[in-house]
$ cat final.pdb   # PDB, C-alpha atoms and all ligand atoms
ATOM      1  CA  MET H   1      60.855 120.120  86.070
ATOM      2  CA  THR H   2      60.360 118.371  89.420
ATOM      3  CA  LEU H   3      63.288 118.740  91.780
ATOM      4  CA  PRO H   4      64.272 115.670  93.842
ATOM      5  CA  ALA H   5      63.607 115.666  97.593
ATOM      6  CA  SER H   6      66.553 117.539  99.023
ATOM      7  CA  LEU H   7      69.391 115.287 100.150
ATOM      8  CA  SER H   8      67.105 112.359 100.854
ATOM      9  CA  LEU H   9      68.700 108.931 101.192
ATOM     10  CA  ALA H  10      65.349 107.116 101.263
ATOM     11  CA  GLY H  11      65.615 103.585  99.928
ATOM     12  CA  ARG H  12      69.413 103.589  99.972
ATOM     13  CA  ILE H  13      71.485 100.949 101.758
ATOM     14  CA  ALA H  14      74.647 102.161 103.477
ATOM     15  CA  ILE H  15      77.593 100.739 105.379
ATOM     16  CA  VAL H  16      79.548 103.011 107.714
ATOM     17  CA  THR H  17      82.764 101.465 109.009
ATOM     18  CA  GLY H  18      83.780 102.374 112.537
ATOM     19  CA  ALA H  19      80.308 103.677 113.342
ATOM     20  CA  SER H  20      80.247 102.818 117.044
ATOM     21  CA  ARG H  21      81.761 106.164 118.080
ATOM     22  CA  GLY H  22      82.743 109.639 116.904
ATOM     23  CA  ILE H  23      82.419 110.676 113.282
ATOM     24  CA  GLY H  24      81.168 107.296 112.052
ATOM     25  CA  GLN H  25      78.399 107.271 114.625
ATOM     26  CA  ALA H  26      77.271 110.757 113.527
ATOM     27  CA  ILE H  27      77.307 109.707 109.863
ATOM     28  CA  ALA H  28      75.272 106.545 110.524
ATOM     29  CA  ARG H  29      72.715 108.520 112.543
ATOM     30  CA  GLU H  30      72.452 111.232 109.863
ATOM     31  CA  PHE H  31      72.083 108.709 107.013
ATOM     32  CA  ALA H  32      69.319 106.907 108.915
ATOM     33  CA  LYS H  33      67.520 110.216 109.574
ATOM     34  CA  ARG H  34      67.510 110.779 105.826
ATOM     35  CA  GLY H  35      65.942 107.368 105.212
ATOM     36  CA  ALA H  36      68.866 105.029 104.488
ATOM     37  CA  ALA H  37      69.063 101.526 105.942
ATOM     38  CA  VAL H  38      72.390 101.492 107.744
ATOM     39  CA  VAL H  39      74.896  98.807 108.666
ATOM     40  CA  ILE H  40      76.808  99.992 111.722
ATOM     41  CA  ASN H  41      80.229  98.376 111.634
ATOM     42  CA  TYR H  42      82.287  98.276 114.814
ATOM     43  CA  HIS H  43      85.444  96.590 116.055
ATOM     44  CA  ASN H  44      85.472  96.583 119.877
ATOM     45  CA  SER H  45      82.604  98.827 121.019
ATOM     46  CA  ALA H  46      79.715  96.373 120.748
ATOM     47  CA  GLU H  47      77.605  98.080 123.381
ATOM     48  CA  ALA H  48      77.831 101.527 121.766
ATOM     49  CA  ALA H  49      77.026 100.054 118.335
ATOM     50  CA  GLU H  50      73.955  98.207 119.670
ATOM     51  CA  LYS H  51      72.777 101.345 121.451
ATOM     52  CA  LEU H  52      72.977 103.334 118.211
ATOM     53  CA  ALA H  53      71.092 100.636 116.291
ATOM     54  CA  GLU H  54      68.365 100.620 118.960
ATOM     55  CA  GLU H  55      68.114 104.420 118.808
ATOM     56  CA  ILE H  56      67.744 104.350 115.015
ATOM     57  CA  THR H  57      65.192 101.536 114.927
ATOM     58  CA  ALA H  58      63.214 103.180 117.751
ATOM     59  CA  SER H  59      62.866 106.235 115.519
ATOM     60  CA  GLY H  60      61.360 104.073 112.776
ATOM     61  CA  GLU H  61      64.429 103.748 110.542
ATOM     62  CA  GLN H  62      66.494 100.636 109.734
ATOM     63  CA  ALA H  63      69.875  99.719 111.238
ATOM     64  CA  LYS H  64      71.860  96.563 111.979
ATOM     65  CA  THR H  65      75.246  96.137 113.614
ATOM     66  CA  PHE H  66      78.113  94.039 112.298
ATOM     67  CA  GLN H  67      81.385  93.336 114.085
ATOM     68  CA  ALA H  68      84.411  93.273 111.775
ATOM     69  CA  ASP H  69      88.027  94.341 111.941
ATOM     70  CA  VAL H  70      88.058  96.052 108.548
ATOM     71  CA  SER H  71      91.859  95.909 108.358
ATOM     72  CA  ASP H  72      91.370  92.167 107.837
ATOM     73  CA  TYR H  73      90.588  91.339 104.202
ATOM     74  CA  GLU H  74      88.240  88.409 104.883
ATOM     75  CA  ALA H  75      86.409  90.251 107.668
ATOM     76  CA  ALA H  76      85.816  93.218 105.354
ATOM     77  CA  GLN H  77      84.404  90.913 102.662
ATOM     78  CA  GLY H  78      82.071  89.527 105.340
ATOM     79  CA  LEU H  79      80.866  93.031 106.196
ATOM     80  CA  ILE H  80      79.899  93.825 102.603
ATOM     81  CA  LYS H  81      78.236  90.416 102.214
ATOM     82  CA  PHE H  82      76.236  91.009 105.409
ATOM     83  CA  ALA H  83      74.775  94.270 104.047
ATOM     84  CA  ILE H  84      73.851  92.679 100.732
ATOM     85  CA  ASP H  85      72.342  89.563 102.368
ATOM     86  CA  THR H  86      70.448  91.615 104.966
ATOM     87  CA  TYR H  87      69.114  94.490 102.899
ATOM     88  CA  GLY H  88      69.380  93.116  99.364
ATOM     89  CA  GLY H  89      72.058  95.479  98.080
ATOM     90  CA  LEU H  90      74.555  98.195  98.812
ATOM     91  CA  ASP H  91      74.450 101.792  97.554
ATOM     92  CA  ILE H  92      76.767 103.709  99.870
ATOM     93  CA  LEU H  93      80.039 102.770 101.555
ATOM     94  CA  VAL H  94      81.709 105.126 104.010
ATOM     95  CA  ASN H  95      85.272 104.117 104.836
ATOM     96  CA  ASN H  96      85.538 105.854 108.186
ATOM     97  CA  ALA H  97      87.242 103.410 110.587
ATOM     98  CA  GLY H  98      90.548 104.803 111.757
ATOM     99  CA  ILE H  99      93.119 104.922 114.530
ATOM    100  CA  THR H 100      96.143 106.965 115.516
ATOM    101  CA  ARG H 101      99.397 105.807 117.120
ATOM    102  CA  ASP H 102     101.205 109.138 117.300
ATOM    103  CA  THR H 103     104.891 109.369 118.050
ATOM    104  CA  LEU H 104     108.037 110.789 116.458
ATOM    105  CA  ILE H 105     109.614 108.519 113.864
ATOM    106  CA  MET H 106     112.602 107.743 116.122
ATOM    107  CA  MET H 107     110.175 106.159 118.596
ATOM    108  CA  MET H 108     107.732 104.693 116.101
ATOM    109  CA  SER H 109     107.731 100.903 116.020
ATOM    110  CA  GLU H 110     107.037  98.785 112.995
ATOM    111  CA  ALA H 111     103.852  97.680 114.778
ATOM    112  CA  ASP H 112     102.722 101.334 115.130
ATOM    113  CA  TRP H 113     103.245 101.840 111.410
ATOM    114  CA  ASP H 114     101.519  98.607 110.363
ATOM    115  CA  ALA H 115      98.510  99.067 112.657
ATOM    116  CA  VAL H 116      97.763 102.572 111.387
ATOM    117  CA  LEU H 117      98.372 101.814 107.707
ATOM    118  CA  ASN H 118      96.313  98.626 107.869
ATOM    119  CA  THR H 119      93.406 100.119 109.806
ATOM    120  CA  ASN H 120      93.167 103.387 107.874
ATOM    121  CA  ALA H 121      94.397 102.623 104.364
ATOM    122  CA  LYS H 122      94.229  98.868 103.769
ATOM    123  CA  SER H 123      90.684  98.792 105.178
ATOM    124  CA  THR H 124      89.679 101.300 102.510
ATOM    125  CA  PHE H 125      90.936  98.905  99.829
ATOM    126  CA  ASN H 126      89.407  95.862 101.560
ATOM    127  CA  CYS H 127      85.893  97.276 101.817
ATOM    128  CA  SER H 128      85.896  99.174  98.518
ATOM    129  CA  LYS H 129      87.012  96.148  96.519
ATOM    130  CA  ALA H 130      84.104  94.045  97.743
ATOM    131  CA  ALA H 131      81.603  96.902  97.441
ATOM    132  CA  VAL H 132      82.655  97.947  93.931
ATOM    133  CA  ARG H 133      81.953  94.490  92.494
ATOM    134  CA  HIS H 134      78.322  94.896  93.541
ATOM    135  CA  MET H 135      78.039  98.605  92.637
ATOM    136  CA  LEU H 136      79.430  98.119  89.119
ATOM    137  CA  ARG H 137      76.785  95.494  88.414
ATOM    138  CA  LYS H 138      74.094  97.774  89.792
ATOM    139  CA  ARG H 139      75.459 100.780  87.901
ATOM    140  CA  TYR H 140      75.090 102.888  91.014
ATOM    141  CA  GLY H 141      77.295 103.569  93.985
ATOM    142  CA  ARG H 142      78.729 106.129  96.353
ATOM    143  CA  ILE H 143      82.042 105.555  98.129
ATOM    144  CA  ILE H 144      83.135 108.169 100.666
ATOM    145  CA  ASN H 145      86.532 107.964 102.324
ATOM    146  CA  ILE H 146      87.110 109.875 105.551
ATOM    147  CA  THR H 147      90.609 111.251 105.321
ATOM    148  CA  SER H 148      92.329 114.084 107.168
ATOM    149  CA  VAL H 149      94.124 117.392 106.778
ATOM    150  CA  SER H 150      97.110 115.414 108.152
ATOM    151  CA  GLY H 151      97.220 113.547 104.848
ATOM    152  CA  GLN H 152      97.327 116.834 102.960
ATOM    153  CA  MET H 153      99.574 119.006 105.138
ATOM    154  CA  GLY H 154     101.561 116.468 107.190
ATOM    155  CA  ASN H 155     101.735 116.598 110.955
ATOM    156  CA  PRO H 156     104.807 115.985 113.158
ATOM    157  CA  GLY H 157     104.367 112.825 115.223
ATOM    158  CA  GLN H 158     102.034 111.383 112.618
ATOM    159  CA  THR H 159     104.203 109.939 109.838
ATOM    160  CA  ASN H 160     102.128 106.753 109.945
ATOM    161  CA  TYR H 161      98.763 108.532 110.176
ATOM    162  CA  SER H 162      99.600 111.185 107.546
ATOM    163  CA  ALA H 163     100.833 108.472 105.157
ATOM    164  CA  SER H 164      97.651 106.433 105.677
ATOM    165  CA  LYS H 165      95.434 109.462 105.069
ATOM    166  CA  ALA H 166      97.401 110.520 101.957
ATOM    167  CA  ALA H 167      97.011 106.948 100.706
ATOM    168  CA  GLN H 168      93.232 107.272 100.993
ATOM    169  CA  ILE H 169      93.362 110.431  98.857
ATOM    170  CA  GLY H 170      95.351 108.780  96.053
ATOM    171  CA  PHE H 171      93.086 105.742  96.260
ATOM    172  CA  THR H 172      89.985 107.953  95.977
ATOM    173  CA  LYS H 173      91.201 109.618  92.782
ATOM    174  CA  ALA H 174      92.388 106.407  91.085
ATOM    175  CA  LEU H 175      89.222 104.462  91.919
ATOM    176  CA  ALA H 176      87.012 107.386  90.866
ATOM    177  CA  ARG H 177      88.545 107.185  87.393
ATOM    178  CA  GLU H 178      88.150 103.382  87.250
ATOM    179  CA  VAL H 179      84.454 103.242  88.087
ATOM    180  CA  ALA H 180      82.993 106.523  86.812
ATOM    181  CA  SER H 181      81.632 104.993  83.608
ATOM    182  CA  ARG H 182      79.351 102.772  85.732
ATOM    183  CA  ASN H 183      77.829 105.686  87.671
ATOM    184  CA  VAL H 184      79.822 104.946  90.826
ATOM    185  CA  THR H 185      81.306 108.032  92.480
ATOM    186  CA  VAL H 186      84.253 108.025  94.864
ATOM    187  CA  ASN H 187      85.055 111.045  97.004
ATOM    188  CA  ALA H 188      86.954 111.867 100.167
ATOM    189  CA  ILE H 189      86.251 114.198 103.056
ATOM    190  CA  ALA H 190      89.384 115.686 104.593
ATOM    191  CA  ALA H 191      88.368 116.359 108.163
ATOM    192  CA  GLY H 192      90.123 118.949 110.273
ATOM    193  CA  TYR H 193      90.173 118.770 114.066
ATOM    194  CA  ILE H 194      86.896 117.170 115.103
ATOM    195  CA  ASP H 195      85.750 116.723 118.687
ATOM    196  CA  THR H 196      85.982 112.920 119.178
ATOM    197  CA  ASP H 197      88.071 110.428 121.177
ATOM    198  CA  ILE H 198      90.945 110.863 118.663
ATOM    199  CA  TRP H 199      91.066 114.608 119.372
ATOM    200  CA  ALA H 200      90.813 113.988 123.129
ATOM    201  CA  LYS H 201      94.108 112.047 122.953
ATOM    202  CA  VAL H 202      95.984 115.131 121.664
ATOM    203  CA  PRO H 203      97.906 116.823 124.530
ATOM    204  CA  PRO H 204      96.314 120.150 125.681
ATOM    205  CA  GLU H 205      99.256 122.294 124.492
ATOM    206  CA  ALA H 206      99.099 120.684 121.029
ATOM    207  CA  GLN H 207      95.304 121.245 120.961
ATOM    208  CA  GLU H 208      95.849 124.937 121.733
ATOM    209  CA  ALA H 209      98.458 125.252 118.961
ATOM    210  CA  ALA H 210      96.188 123.440 116.507
ATOM    211  CA  LEU H 211      93.233 125.736 117.191
ATOM    212  CA  LYS H 212      95.391 128.727 116.173
ATOM    213  CA  LEU H 213      95.692 127.207 112.671
ATOM    214  CA  ILE H 214      91.927 127.169 112.102
ATOM    215  CA  PRO H 215      90.535 130.327 110.447
ATOM    216  CA  LEU H 216      87.061 129.633 111.881
ATOM    217  CA  GLY H 217      88.727 129.518 115.310
ATOM    218  CA  ARG H 218      87.171 126.338 116.665
ATOM    219  CA  LYS H 219      87.324 122.585 116.425
ATOM    220  CA  GLY H 220      84.634 120.836 114.393
ATOM    221  CA  ASN H 221      81.760 118.645 115.480
ATOM    222  CA  PRO H 222      81.148 115.097 114.129
ATOM    223  CA  LEU H 223      77.914 116.413 112.615
ATOM    224  CA  ASP H 224      79.931 118.814 110.426
ATOM    225  CA  ILE H 225      81.399 115.732 108.739
ATOM    226  CA  ALA H 226      78.081 113.864 108.716
ATOM    227  CA  TYR H 227      76.344 116.657 106.767
ATOM    228  CA  ALA H 228      79.109 116.651 104.140
ATOM    229  CA  ALA H 229      78.914 112.848 103.876
ATOM    230  CA  ALA H 230      75.124 112.982 103.494
ATOM    231  CA  PHE H 231      75.533 115.453 100.636
ATOM    232  CA  LEU H 232      78.151 113.336  98.844
ATOM    233  CA  ALA H 233      75.932 110.260  99.307
ATOM    234  CA  SER H 234      72.866 111.984  97.871
ATOM    235  CA  ASP H 235      71.578 112.148  94.307
ATOM    236  CA  GLN H 236      72.353 115.878  94.358
ATOM    237  CA  ALA H 237      76.087 115.000  94.310
ATOM    238  CA  ALA H 238      75.779 112.827  91.193
ATOM    239  CA  TYR H 239      78.248 114.953  89.172
ATOM    240  CA  ILE H 240      80.985 115.028  91.825
ATOM    241  CA  THR H 241      83.697 112.367  91.795
ATOM    242  CA  GLY H 242      87.395 112.081  92.631
ATOM    243  CA  GLN H 243      87.191 115.114  94.911
ATOM    244  CA  VAL H 244      88.576 115.823  98.357
ATOM    245  CA  LEU H 245      86.148 117.999 100.288
ATOM    246  CA  GLY H 246      87.828 119.840 103.148
ATOM    247  CA  VAL H 247      85.655 120.120 106.265
ATOM    248  CA  ASP H 248      88.220 121.750 108.490
ATOM    249  CA  GLY H 249      87.220 125.309 109.406
ATOM    250  CA  GLY H 250      89.451 126.580 106.610
ATOM    251  CA  MET H 251      92.621 124.987 107.970
ATOM    252  CA  ALA H 252      93.906 123.605 104.661
ATOM    253  CA  MET H 253      93.285 125.730 101.577
ATOM    254  CA  PHE H 254      94.632 124.635  98.218
TER     255      PHE H 254
HETATM  256  P1  LIG T   1      87.104 107.603 117.093
HETATM  257  O1  LIG T   1      86.115 108.432 117.838
HETATM  258  O2  LIG T   1      88.312 107.108 117.807
HETATM  259  O3  LIG T   1      86.313 106.368 116.458
HETATM  260  C1  LIG T   1      87.009 105.452 115.662
HETATM  261  C2  LIG T   1      86.049 104.422 115.131
HETATM  262  O4  LIG T   1      86.783 103.531 114.276
HETATM  263  C3  LIG T   1      85.412 103.572 116.236
HETATM  264  O5  LIG T   1      84.065 103.350 115.910
HETATM  265  C4  LIG T   1      86.204 102.267 116.149
HETATM  266  O6  LIG T   1      85.459 101.101 116.489
HETATM  267  C5  LIG T   1      86.497 102.196 114.664
HETATM  268  N1  LIG T   1      87.613 101.316 114.353
HETATM  269  C6  LIG T   1      88.912 101.442 114.725
HETATM  270  N2  LIG T   1      89.619 100.402 114.244
HETATM  271  C7  LIG T   1      88.745  99.615 113.571
HETATM  272  C8  LIG T   1      88.865  98.404 112.853
HETATM  273  N3  LIG T   1      90.035  97.774 112.724
HETATM  274  N4  LIG T   1      87.761  97.871 112.290
HETATM  275  C9  LIG T   1      86.546  98.484 112.415
HETATM  276  N5  LIG T   1      86.374  99.630 113.078
HETATM  277  C10 LIG T   1      87.461 100.195 113.648
HETATM  278  O7  LIG T   1      87.652 108.372 115.820
HETATM  279  P2  LIG T   1      87.023 109.554 114.931
HETATM  280  O8  LIG T   1      87.657 110.803 115.354
HETATM  281  O9  LIG T   1      85.558 109.432 114.882
HETATM  282  O10 LIG T   1      87.649 109.177 113.515
HETATM  283  C11 LIG T   1      86.897 108.604 112.467
HETATM  284  C12 LIG T   1      87.661 108.809 111.171
HETATM  285  O11 LIG T   1      87.821 110.203 110.948
HETATM  286  C13 LIG T   1      89.052 108.200 111.158
HETATM  287  O12 LIG T   1      89.339 107.641 109.907
HETATM  288  C14 LIG T   1      89.944 109.396 111.422
HETATM  289  O13 LIG T   1      91.218 109.219 110.885
HETATM  290  C15 LIG T   1      89.175 110.476 110.693
HETATM  291  N6  LIG T   1      89.523 111.829 111.134
HETATM  292  C16 LIG T   1      89.262 112.230 112.414
HETATM  293  C17 LIG T   1      89.633 113.520 112.815
HETATM  294  C18 LIG T   1      89.371 114.058 114.196
HETATM  295  O14 LIG T   1      89.866 115.144 114.508
HETATM  296  N7  LIG T   1      88.609 113.377 115.032
HETATM  297  C19 LIG T   1      90.253 114.348 111.886
HETATM  298  C20 LIG T   1      90.500 113.916 110.623
HETATM  299  C21 LIG T   1      90.114 112.640 110.233
HETATM  300  P3  LIG T   1      85.438 100.426 117.969
HETATM  301  O15 LIG T   1      85.267 101.526 118.964
HETATM  302  O16 LIG T   1      84.243  99.534 117.866
HETATM  303  O17 LIG T   1      86.716  99.666 118.121
END
$ encode --input "final.pdb" --output "structure tokens"
Amino acid sequence: MTLPASLSLAGRIAIVTGASRGIGQAIAREFAKRGAAVVINYHNSAEAAEKLAEEITASGEQAKTFQADVSDYEAAQGLIKFAIDTYGGLDILVNNAGITRDTLIMMMSEADWDAVLNTNAKSTFNCSKAAVRHMLRKRYGRIINITSVSGQMGNPGQTNYSASKAAQIGFTKALAREVASRNVTVNAIAAGYIDTDIWAKVPPEAQEAALKLIPLGRKGNPLDIAYAAAFLASDQAAYITGQVLGVDGGMAMF
């Protein structure tokens, strides 16, 4: 028996939402290294997105940028259409775009709630709905939702964020059951504390307290998430669906 090339994404077409910075950027770079053609979605950081695309194409791989606010239904449909029109299909969707607006519920405005739920959870519906139509026809697809330990454990000051991340987990399991018969897998990665701009916004005393909760004793790196995403996107993960993979230094164990 010939074993497939380990974790190769050669010939695959991928969209990573929110790939201009942080975890999304690391995932897009890792997917491209493994041979996928990547659509780098961004919202505001055009320069960073273009720089990443240039870096990837300079290394001989394929990447294009596409501006879209994925919390907007029509814009998300446009993103999926762009990938299909540009590369002729879509194999992998990573719903990574996300924001925080942390504050205690007594101070949380309706706008804080709506922005976080729409950007983190509704975007996952928006992009997945458009992608699934194509993947079902193709009888192949990988959807990976980047959720958080906050959606599993809860976090004070993050009722909006925790709710949005828990919503992604429920969505992952329900959609996995809907599309499994067509060889489309849907999984989530529950990230712990990862060194990005989101983490940098956490006050130093809260960072110190958080680190004490991590058995491995350190925050994670965006690449830790990118490796897990590359595995779930690969052919080697064909028999895994509806799962939530914790990449959190052991912080949440169930
Ligand atoms: P980050 O460094 O702040 O990057 C966020 C990314 O999301 C940026 O590329 C941003 O694009 C994009 N984005 C935000 N709103 C968007 C929108 N409406 N439409 C399209 N793109 C949008 O954050 P990160 O830490 O990498 O987080 C990435 C994901 O991992 C999020 O879903 C987050 O909840 C999750 N996560 C992070 C951690 C952590 O500790 N860092 C832990 C658990 C889960 P622009 O810059 O172009 O606006």
$ closest_residue --input "final.pdb" --among "H:Val186, H:Ala32, H:Leu211, H:Val149" --to "ligand LIG 1 (chain T)" --atoms "all atoms listed in the file"
H:Val149
$ residues_near_point --input "final.pdb" --point "(77.8, 117.3, 111.1)" --cutoff "12 Å" --atoms "all atoms listed in the file" --output "CSV table (one decimal) with C-alpha atoms, in the coordinates of the input"
chain,number,residue,atom,x,y,z
H,22,GLY,CA,82.7,109.6,116.9
H,23,ILE,CA,82.4,110.7,113.3
H,24,GLY,CA,81.2,107.3,112.1
H,25,GLN,CA,78.4,107.3,114.6
H,26,ALA,CA,77.3,110.8,113.5
H,27,ILE,CA,77.3,109.7,109.9
H,28,ALA,CA,75.3,106.5,110.5
H,29,ARG,CA,72.7,108.5,112.5
H,30,GLU,CA,72.5,111.2,109.9
H,31,PHE,CA,72.1,108.7,107.0
H,191,ALA,CA,88.4,116.4,108.2
H,194,ILE,CA,86.9,117.2,115.1
H,195,ASP,CA,85.8,116.7,118.7
H,220,GLY,CA,84.6,120.8,114.4
H,221,ASN,CA,81.8,118.6,115.5
H,222,PRO,CA,81.1,115.1,114.1
H,223,LEU,CA,77.9,116.4,112.6
H,224,ASP,CA,79.9,118.8,110.4
H,225,ILE,CA,81.4,115.7,108.7
H,226,ALA,CA,78.1,113.9,108.7
H,227,TYR,CA,76.3,116.7,106.8
H,228,ALA,CA,79.1,116.7,104.1
H,229,ALA,CA,78.9,112.8,103.9
H,230,ALA,CA,75.1,113.0,103.5
H,231,PHE,CA,75.5,115.5,100.6
H,247,VAL,CA,85.7,120.1,106.3
H,248,ASP,CA,88.2,121.8,108.5
$ closest_residue --input "final.pdb" --among "H:Asn96, H:Ser109, H:Ser234, H:Thr185" --to "ligand LIG 1 (chain T)" --atoms "all atoms listed in the file"
H:Asn96
$ residues_around --input "final.pdb" --residues "Leu93 in chain H" --least-positions-apart "6" --cutoff "12 Å" --atoms "only C-alpha atoms" --output "number ranges by chain"
H: 12-19, 24, 27-28, 31, 36-41, 76, 79-80, 83-84, 123-132, 134-135, 140-146, 184-188, 229-230, 232-233
$ atom_distance --input "final.pdb" --atom1 "CA of Glu74 in chain H" --atom2 "CA of Glu61 in chain H"
28.9 Å
$ atom_distance --input "final.pdb" --atom1 "CA of Leu245 in chain H" --atom2 "CA of Ser148 in chain H"
10.0 Å
$ atom_distance --input "final.pdb" --atom1 "atom C21 of ligand LIG 1 (chain T)" --atom2 "CA of Gly151 in chain H"
9.0 Å
$ decode --input "final.pdb" --residues "range 85-92 of chain H" --atoms "all heavy atoms" --output "PDB file, in the first residue's frame"
ATOM      1  N   ASP H  85     -14.252  31.572  -8.662  1.00  0.00           N
ATOM      2  CA  ASP H  85     -13.978  32.195  -9.969  1.00  0.00           C
ATOM      3  C   ASP H  85     -12.479  32.240 -10.259  1.00  0.00           C
ATOM      4  O   ASP H  85     -12.051  32.076 -11.390  1.00  0.00           O
ATOM      5  CB  ASP H  85     -14.527  33.634 -10.016  1.00  0.00           C
ATOM      6  CG  ASP H  85     -16.045  33.659 -10.025  1.00  0.00           C
ATOM      7  OD1 ASP H  85     -16.651  32.578 -10.203  1.00  0.00           O
ATOM      8  OD2 ASP H  85     -16.616  34.746  -9.843  1.00  0.00           O
ATOM      9  N   THR H  86     -11.679  32.494  -9.213  1.00  0.00           N
ATOM     10  CA  THR H  86     -10.237  32.685  -9.410  1.00  0.00           C
ATOM     11  C   THR H  86      -9.502  31.361  -9.593  1.00  0.00           C
ATOM     12  O   THR H  86      -8.652  31.235 -10.470  1.00  0.00           O
ATOM     13  CB  THR H  86      -9.626  33.426  -8.188  1.00  0.00           C
ATOM     14  OG1 THR H  86     -10.356  34.630  -8.007  1.00  0.00           O
ATOM     15  CG2 THR H  86      -8.161  33.754  -8.413  1.00  0.00           C
ATOM     16  N   TYR H  87      -9.840  30.396  -8.741  1.00  0.00           N
ATOM     17  CA  TYR H  87      -9.057  29.151  -8.748  1.00  0.00           C
ATOM     18  C   TYR H  87      -9.851  27.942  -9.269  1.00  0.00           C
ATOM     19  O   TYR H  87      -9.332  26.828  -9.314  1.00  0.00           O
ATOM     20  CB  TYR H  87      -8.543  28.852  -7.333  1.00  0.00           C
ATOM     21  CG  TYR H  87      -7.442  29.795  -6.878  1.00  0.00           C
ATOM     22  CD1 TYR H  87      -7.582  30.547  -5.713  1.00  0.00           C
ATOM     23  CD2 TYR H  87      -6.267  29.927  -7.608  1.00  0.00           C
ATOM     24  CE1 TYR H  87      -6.576  31.403  -5.273  1.00  0.00           C
ATOM     25  CE2 TYR H  87      -5.248  30.780  -7.183  1.00  0.00           C
ATOM     26  CZ  TYR H  87      -5.407  31.509  -6.024  1.00  0.00           C
ATOM     27  OH  TYR H  87      -4.406  32.349  -5.612  1.00  0.00           O
ATOM     28  N   GLY H  88     -11.130  28.166  -9.571  1.00  0.00           N
ATOM     29  CA  GLY H  88     -11.918  27.082 -10.156  1.00  0.00           C
ATOM     30  C   GLY H  88     -12.530  26.125  -9.151  1.00  0.00           C
ATOM     31  O   GLY H  88     -13.010  25.056  -9.518  1.00  0.00           O
ATOM     32  N   GLY H  89     -12.538  26.487  -7.882  1.00  0.00           N
ATOM     33  CA  GLY H  89     -13.167  25.615  -6.887  1.00  0.00           C
ATOM     34  C   GLY H  89     -12.853  26.065  -5.482  1.00  0.00           C
ATOM     35  O   GLY H  89     -12.250  27.121  -5.277  1.00  0.00           O
ATOM     36  N   LEU H  90     -13.281  25.261  -4.534  1.00  0.00           N
ATOM     37  CA  LEU H  90     -12.986  25.541  -3.130  1.00  0.00           C
ATOM     38  C   LEU H  90     -12.997  24.221  -2.357  1.00  0.00           C
ATOM     39  O   LEU H  90     -13.985  23.499  -2.383  1.00  0.00           O
ATOM     40  CB  LEU H  90     -14.031  26.493  -2.521  1.00  0.00           C
ATOM     41  CG  LEU H  90     -13.853  26.785  -1.032  1.00  0.00           C
ATOM     42  CD1 LEU H  90     -12.541  27.510  -0.760  1.00  0.00           C
ATOM     43  CD2 LEU H  90     -15.021  27.612  -0.505  1.00  0.00           C
ATOM     44  N   ASP H  91     -11.882  23.894  -1.721  1.00  0.00           N
ATOM     45  CA  ASP H  91     -11.780  22.648  -0.959  1.00  0.00           C
ATOM     46  C   ASP H  91     -11.797  22.871   0.545  1.00  0.00           C
ATOM     47  O   ASP H  91     -12.268  22.023   1.297  1.00  0.00           O
ATOM     48  CB  ASP H  91     -10.454  21.932  -1.311  1.00  0.00           C
ATOM     49  CG  ASP H  91     -10.353  21.639  -2.789  1.00  0.00           C
ATOM     50  OD1 ASP H  91     -11.217  20.906  -3.297  1.00  0.00           O
ATOM     51  OD2 ASP H  91      -9.426  22.159  -3.449  1.00  0.00           O
ATOM     52  N   ILE H  92     -11.213  23.998   0.975  1.00  0.00           N
ATOM     53  CA  ILE H  92     -11.002  24.209   2.411  1.00  0.00           C
ATOM     54  C   ILE H  92     -11.456  25.618   2.785  1.00  0.00           C
ATOM     55  O   ILE H  92     -11.064  26.592   2.138  1.00  0.00           O
ATOM     56  CB  ILE H  92      -9.493  24.083   2.760  1.00  0.00           C
ATOM     57  CG1 ILE H  92      -8.922  22.742   2.284  1.00  0.00           C
ATOM     58  CG2 ILE H  92      -9.268  24.275   4.252  1.00  0.00           C
ATOM     59  CD1 ILE H  92      -7.392  22.726   2.181  1.00  0.00           C
TER      60      ILE H  92
END
